[in-house]
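Data block below; observations after.
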Amino acid sequence: MLESLSEKLTNAFKKFRNKGKLTEKDVKEGMREIKLALLEADVSFKVVREFIKKVTERAVGADVLESLVPAQQIVKIVNEELIELMGKSQAKLEISSKPPTVIMMCGLQGAGKTTHSGKLAGMYKKQGKNPLLVACDIYRPAAIKQLQVVGEQLGIPVFEMGQISPVEIAREAIKYAKAKGHDMVFLDTAGRLHVDEVLMEELHKIKEETNPTEILLVVDAMLGQDAVNVAESFNNLLDITGVILTKMDGDTRGGAALSVRFVTGKPIKFVGTGEKLDMIEPFYPDRMASRILGMGDVLSLIEKAEQAFDEKQALELEKKLRENTFTLTDYLEQFRQIKNMGPIENLMGMLPGIKPGALKDAKIDEKAMGRTEAIILSMTPREREKPDLINGSRKKRIAAGSGTSVEEVNRLLKQFEQMNKMMRQLTGKNAKKHMKRMKFPM
C-alpha cells in the first residue's frame, strides 16, 4: 500500500538530509521532488498545488532554515500537512440515537459495495450490534446471492424481496428491522459502470424514503485520479457522509487516499485492506501519514494483536511459560493467532524503521507457517506434550504424514527447544540477571 509514494518521498527527503544547513533555494528544489512524487502517485493536481504551497510556506520560515536539523523539521511539516490533508482525526460512523442506524452503501459497479457492506456489518456485529444486510441491487446478476453468501459466512441475516423496486425493498427492510430488533441496517444499493441519471434518481429515492444516518461511498482506490472524480460526482448529487476506500492492499499509487477528503470535504471513514471479510479498518489520517513517510504504524499493529490474541489465553500462556509446561500444542496455537493478524508483509510494514520498498523483494515464506502447522498436526498428542519422545523413526513418520522432510521436522524441534530454553532463563531464578544483561529495567 502506497509503497511507491513512500519510496519517492524518502528519496526527496534525502536531498534535505545531505545538505546540513538549508537555503530557500534548497527547500524549493526539494519541494519539486515531493511535488513529482505526489503527481506520480495520482494525487489530484489541485490537491498537490495546495499541499506544496502550504509546506513551502512553513519550510522557508526561520524555524526551519536556522534549525540545526532542518531536514527533520521538514519531515515533521510534511507529516502534519499530510494529516491535515486526510482529515486531521478519525471520523467515526454516526450511530442513530433512535434505532435502527441506516447505512446506505453506494458506488460504481465493481468497487466492492456488497463485500464491504458485509465487512462493515461484521465489524459492528463484533462490537455487540445486531446488523441486517439488505439486498437493494436487483440489476447485477447474482448480486442478491452474493450478499446472501457473505451474510451466511458472517452469521448476519439478509433481507431480500427479489426483483421488485429497490425503494420498496429498502422501505420494507427498515420496517422488518424495527420489528425484529435489528439496530443497524446496511443497504447494498445498485451500481453502474459509470455515473448516470437513472442510477442517481434511484439512489435519491432510496435516500428520501429511508432518511439514512450515513451515506457511505465505496471507492476503488485502484482507479487513481478517476476515484476522485467519482467521489466528487456522488457527493454533488447525494451529499455523502463518508468514504470507504477499497483495494488499498493492491498495487495502488495512493492518490485517492490523499485527494478524496480534500476534493469532497467528506472524510474517509474506512479502508479495505484485503479480500477476507475481516479485512477492513477504520481510517486514521495520522497513522496513514506515518506509513507513507516510513515511520510505521505501531498502534494499528497493537490493535491487530489485541483482536487476534485472546486475553484469557494470553494469561494461560504466561503461566505455562513460567511453570515450564509450554507444549507444541501451545506453540501451534500461537502460530494460528499470528496468522489471524494478516499477511506478514503487512505486519512488517507497520514497524518503524522498515524503509518504504524494503519488503518489495523480500522472500517472506507464508507457506512455512503452513508446513509448521502440518508437522505439529502429524504428531500424536503425546508427542506434542513430550517432544523428547520423537526419535528417528517417529521423525520419518511425521515428515511423511505432513508432506515435509526430516530436516524440517528437526528444524522445528530445535526452534521449539531454543524458545523454551530462552523462556526458562527469563522466567527462572536468573531472570533478573538476564534482564540486566539485556539492559531491561527491573
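Ordering of the C-alpha cells sets the chain letters (A, B, ...), residue numbers begin anew at 1 in every chain, and ligands are numbered from 1 in the order given.
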
**Who sits within 10 Å of Glu172 of chain A, only C-alpha atoms, same chain under 3 positions skipped, as a PyMOL selection string** = chain A and resi 134+159-161+166-169+175-177+210

**Message:** If I take atom CA of Glu201 of chain A and atom CA of Phe234 of chain A, how far is one from the other in Å, to one decimal?
**Reply:**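 Those two atoms sit 11.6 Å apart.
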
**All strand (DSSP E or B) residues (DSSP, backbone) inside segment 162-294 of chain A, as a list in words** =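 Those residues are Met184, Val185, Phe186, Leu187, Asp188, Glu214, Ile215, Leu216, Leu217, Val218, Val219, Asp220, Gly242, Val243, Ile244, Leu245, Thr246, Ile268, Lys269, Phe270, Val271, Gly272, Ile280, Glu281 and Pro282 of chain A.
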
Produce a file of the selected residues containing N, CA and C atoms, as a compact mmCIF listing (two decimals), in the first residue's frame.
```
# COMPACT_ATOMS: atom_id res chain seq x y z
N MET A 184 -28.92 -1.99 13.35
CA MET A 184 -28.19 -1.42 12.21
C MET A 184 -28.68 -2.07 10.92
N VAL A 185 -28.89 -1.24 9.89
CA VAL A 185 -29.37 -1.72 8.58
C VAL A 185 -28.38 -1.24 7.52
N PHE A 186 -27.84 -2.18 6.73
CA PHE A 186 -26.91 -1.83 5.66
C PHE A 186 -27.58 -2.07 4.31
N LEU A 187 -27.83 -0.99 3.58
CA LEU A 187 -28.49 -1.06 2.28
C LEU A 187 -27.46 -1.21 1.17
N ASP A 188 -27.40 -2.39 0.57
CA ASP A 188 -26.46 -2.63 -0.54
C ASP A 188 -27.15 -2.23 -1.84
N GLU A 214 -26.16 7.46 7.61
CA GLU A 214 -24.90 7.64 6.88
C GLU A 214 -25.10 7.22 5.42
N ILE A 215 -24.49 7.96 4.51
CA ILE A 215 -24.41 7.56 3.10
C ILE A 215 -22.93 7.38 2.80
N LEU A 216 -22.50 6.13 2.71
CA LEU A 216 -21.08 5.84 2.51
C LEU A 216 -20.81 5.49 1.05
N LEU A 217 -19.87 6.20 0.46
CA LEU A 217 -19.47 5.94 -0.92
C LEU A 217 -18.30 4.97 -0.93
N VAL A 218 -18.47 3.84 -1.61
CA VAL A 218 -17.41 2.84 -1.73
C VAL A 218 -16.62 3.14 -3.00
N VAL A 219 -15.32 3.44 -2.83
CA VAL A 219 -14.48 3.87 -3.95
C VAL A 219 -13.30 2.91 -4.11
N ASP A 220 -13.06 2.47 -5.32
CA ASP A 220 -11.93 1.60 -5.65
C ASP A 220 -10.67 2.46 -5.75
N GLY A 242 -19.46 10.04 4.04
CA GLY A 242 -18.12 9.48 4.21
C GLY A 242 -17.76 8.55 3.08
N VAL A 243 -16.50 8.09 3.09
CA VAL A 243 -15.97 7.25 2.01
C VAL A 243 -15.33 5.99 2.60
N ILE A 244 -15.50 4.87 1.87
CA ILE A 244 -14.74 3.66 2.15
C ILE A 244 -13.83 3.43 0.95
N LEU A 245 -12.52 3.40 1.17
CA LEU A 245 -11.58 3.12 0.09
C LEU A 245 -11.28 1.63 0.08
N THR A 246 -11.52 0.98 -1.06
CA THR A 246 -11.26 -0.45 -1.17
C THR A 246 -9.99 -0.71 -1.97
N ILE A 268 -12.69 10.10 4.84
CA ILE A 268 -12.53 8.66 4.60
C ILE A 268 -12.77 8.00 5.95
N LYS A 269 -13.75 7.11 6.05
CA LYS A 269 -14.07 6.50 7.34
C LYS A 269 -13.48 5.11 7.51
N PHE A 270 -13.35 4.37 6.40
CA PHE A 270 -12.81 3.01 6.49
C PHE A 270 -11.97 2.71 5.25
N VAL A 271 -11.05 1.75 5.40
CA VAL A 271 -10.29 1.26 4.24
C VAL A 271 -10.35 -0.27 4.21
N GLY A 272 -10.54 -0.82 3.01
CA GLY A 272 -10.49 -2.27 2.83
C GLY A 272 -9.05 -2.66 2.57
N ILE A 280 -11.00 -5.02 7.08
CA ILE A 280 -11.46 -3.63 6.97
C ILE A 280 -10.99 -2.91 8.22
N GLU A 281 -10.53 -1.68 8.07
CA GLU A 281 -10.00 -0.93 9.21
C GLU A 281 -10.59 0.48 9.22
N PRO A 282 -10.78 1.04 10.42
CA PRO A 282 -11.10 2.48 10.48
C PRO A 282 -9.93 3.25 9.89
```

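Pairwise distance (atom CA of Asp137 of chain A, atom CA of Lys98 of chain A) equals 26.3 Å.
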
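Straight-line separation from atom CA of Ser44 of chain A to atom CA of Arg261 of chain A: 11.2 Å.
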
If you take only C-alpha atoms and a cut-off of 9 Å, which residues of segment 194-282 of chain A touch segment 46-56 of chain A, and what are their nearest atom pairs and distances in Å to one decimal, in chain and number order, as JSON lines?
```
{"residue": "A:Leu258", "atom": "CA", "partner": "A:Val47", "partner_atom": "CA", "distance": 8.1}
{"residue": "A:Ser259", "atom": "CA", "partner": "A:Val47", "partner_atom": "CA", "distance": 6.3}
{"residue": "A:Phe262", "atom": "CA", "partner": "A:Val47", "partner_atom": "CA", "distance": 6.9}
{"residue": "A:Val263", "atom": "CA", "partner": "A:Val47", "partner_atom": "CA", "distance": 7.7}
```

Output of the above residues as a PDB file, in the first residue's frame, restricted to N, CA, C and O atoms:
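File written: result.pdb
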```pdb
ATOM      1  N   LEU A 258      -5.145  10.458  -0.669  1.00  0.00           N
ATOM      2  CA  LEU A 258      -4.700  11.817  -0.378  1.00  0.00           C
ATOM      3  C   LEU A 258      -5.606  12.885  -0.988  1.00  0.00           C
ATOM      4  O   LEU A 258      -5.522  14.043  -0.611  1.00  0.00           O
ATOM      5  N   SER A 259      -6.459  12.503  -1.938  1.00  0.00           N
ATOM      6  CA  SER A 259      -7.241  13.506  -2.665  1.00  0.00           C
ATOM      7  C   SER A 259      -8.713  13.585  -2.281  1.00  0.00           C
ATOM      8  O   SER A 259      -9.306  14.656  -2.307  1.00  0.00           O
ATOM      9  N   PHE A 262      -9.916  16.081   0.440  1.00  0.00           N
ATOM     10  CA  PHE A 262      -9.734  17.475   0.034  1.00  0.00           C
ATOM     11  C   PHE A 262     -10.788  17.883  -0.981  1.00  0.00           C
ATOM     12  O   PHE A 262     -11.383  18.958  -0.886  1.00  0.00           O
ATOM     13  N   VAL A 263     -11.051  17.016  -1.968  1.00  0.00           N
ATOM     14  CA  VAL A 263     -11.954  17.359  -3.075  1.00  0.00           C
ATOM     15  C   VAL A 263     -13.420  17.372  -2.629  1.00  0.00           C
ATOM     16  O   VAL A 263     -14.184  18.246  -3.022  1.00  0.00           O
TER      17      VAL A 263
END
```

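Ranking A:Ile174, A:Val102, A:Ile398, A:Leu277 by their shortest atom-to-atom distance to Glu152 of chain A, with only C-alpha atoms included, puts A:Leu277 first.
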
**Residue contacts of Glu209 of chain A (8 Å, only C-alpha atoms) excluding same-chain residues fewer than 2 positions away, as a list of chain:residue names** = A:Val167, A:Ala170, A:Arg171, A:Lys205, A:Ile206, A:Lys207, A:Asn211

Could you please take those selected residues and save all heavy atoms as a CSV table (one decimal), in the first residue's frame?
```csv
chain,number,residue,atom,x,y,z
A,167,VAL,N,-36.6,0.8,-4.0
A,167,VAL,CA,-37.1,1.8,-3.0
A,167,VAL,C,-38.0,1.0,-2.0
A,167,VAL,O,-38.0,1.2,-0.8
A,167,VAL,CB,-37.8,2.9,-3.7
A,167,VAL,CG1,-38.4,3.9,-2.7
A,167,VAL,CG2,-36.9,3.6,-4.6
A,170,ALA,N,-36.0,-1.3,0.4
A,170,ALA,CA,-35.4,-0.5,1.4
A,170,ALA,C,-36.4,-0.1,2.5
A,170,ALA,O,-36.2,-0.2,3.7
A,170,ALA,CB,-34.7,0.7,0.9
A,171,ARG,N,-37.6,0.3,2.1
A,171,ARG,CA,-38.7,0.7,3.0
A,171,ARG,C,-39.1,-0.5,3.8
A,171,ARG,O,-39.2,-0.4,5.1
A,171,ARG,CB,-39.8,1.3,2.2
A,171,ARG,CG,-41.0,1.8,3.1
A,171,ARG,CD,-42.1,2.5,2.3
A,171,ARG,NE,-42.6,1.6,1.3
A,171,ARG,CZ,-42.6,1.9,0.0
A,171,ARG,NH1,-42.0,3.0,-0.5
A,171,ARG,NH2,-43.2,1.1,-0.9
A,205,LYS,N,-34.2,8.5,-4.5
A,205,LYS,CA,-35.5,8.0,-4.0
A,205,LYS,C,-35.3,7.1,-2.7
A,205,LYS,O,-36.0,7.2,-1.8
A,205,LYS,CB,-36.2,7.2,-5.1
A,205,LYS,CG,-36.8,8.0,-6.1
A,205,LYS,CD,-37.5,7.2,-7.2
A,205,LYS,CE,-38.1,8.1,-8.3
A,205,LYS,NZ,-38.7,7.2,-9.4
A,206,ILE,N,-34.2,6.3,-2.8
A,206,ILE,CA,-33.9,5.5,-1.6
A,206,ILE,C,-33.5,6.4,-0.4
A,206,ILE,O,-34.0,6.1,0.7
A,206,ILE,CB,-32.8,4.5,-1.9
A,206,ILE,CG1,-33.3,3.4,-2.9
A,206,ILE,CG2,-32.3,3.8,-0.6
A,206,ILE,CD1,-32.2,2.5,-3.4
A,207,LYS,N,-32.8,7.4,-0.7
A,207,LYS,CA,-32.4,8.3,0.4
A,207,LYS,C,-33.6,9.0,1.0
A,207,LYS,O,-33.7,9.1,2.2
A,207,LYS,CB,-31.4,9.4,-0.2
A,207,LYS,CG,-30.9,10.4,0.8
A,207,LYS,CD,-30.1,11.5,0.2
A,207,LYS,CE,-29.7,12.6,1.2
A,207,LYS,NZ,-28.9,13.7,0.5
A,211,ASN,N,-34.2,8.0,4.8
A,211,ASN,CA,-33.5,9.0,5.6
A,211,ASN,C,-32.3,8.4,6.3
A,211,ASN,O,-32.3,8.3,7.6
A,211,ASN,CB,-34.5,9.6,6.6
A,211,ASN,CG,-33.9,10.8,7.3
A,211,ASN,OD1,-33.0,11.5,6.8
A,211,ASN,ND2,-34.3,11.0,8.6
```
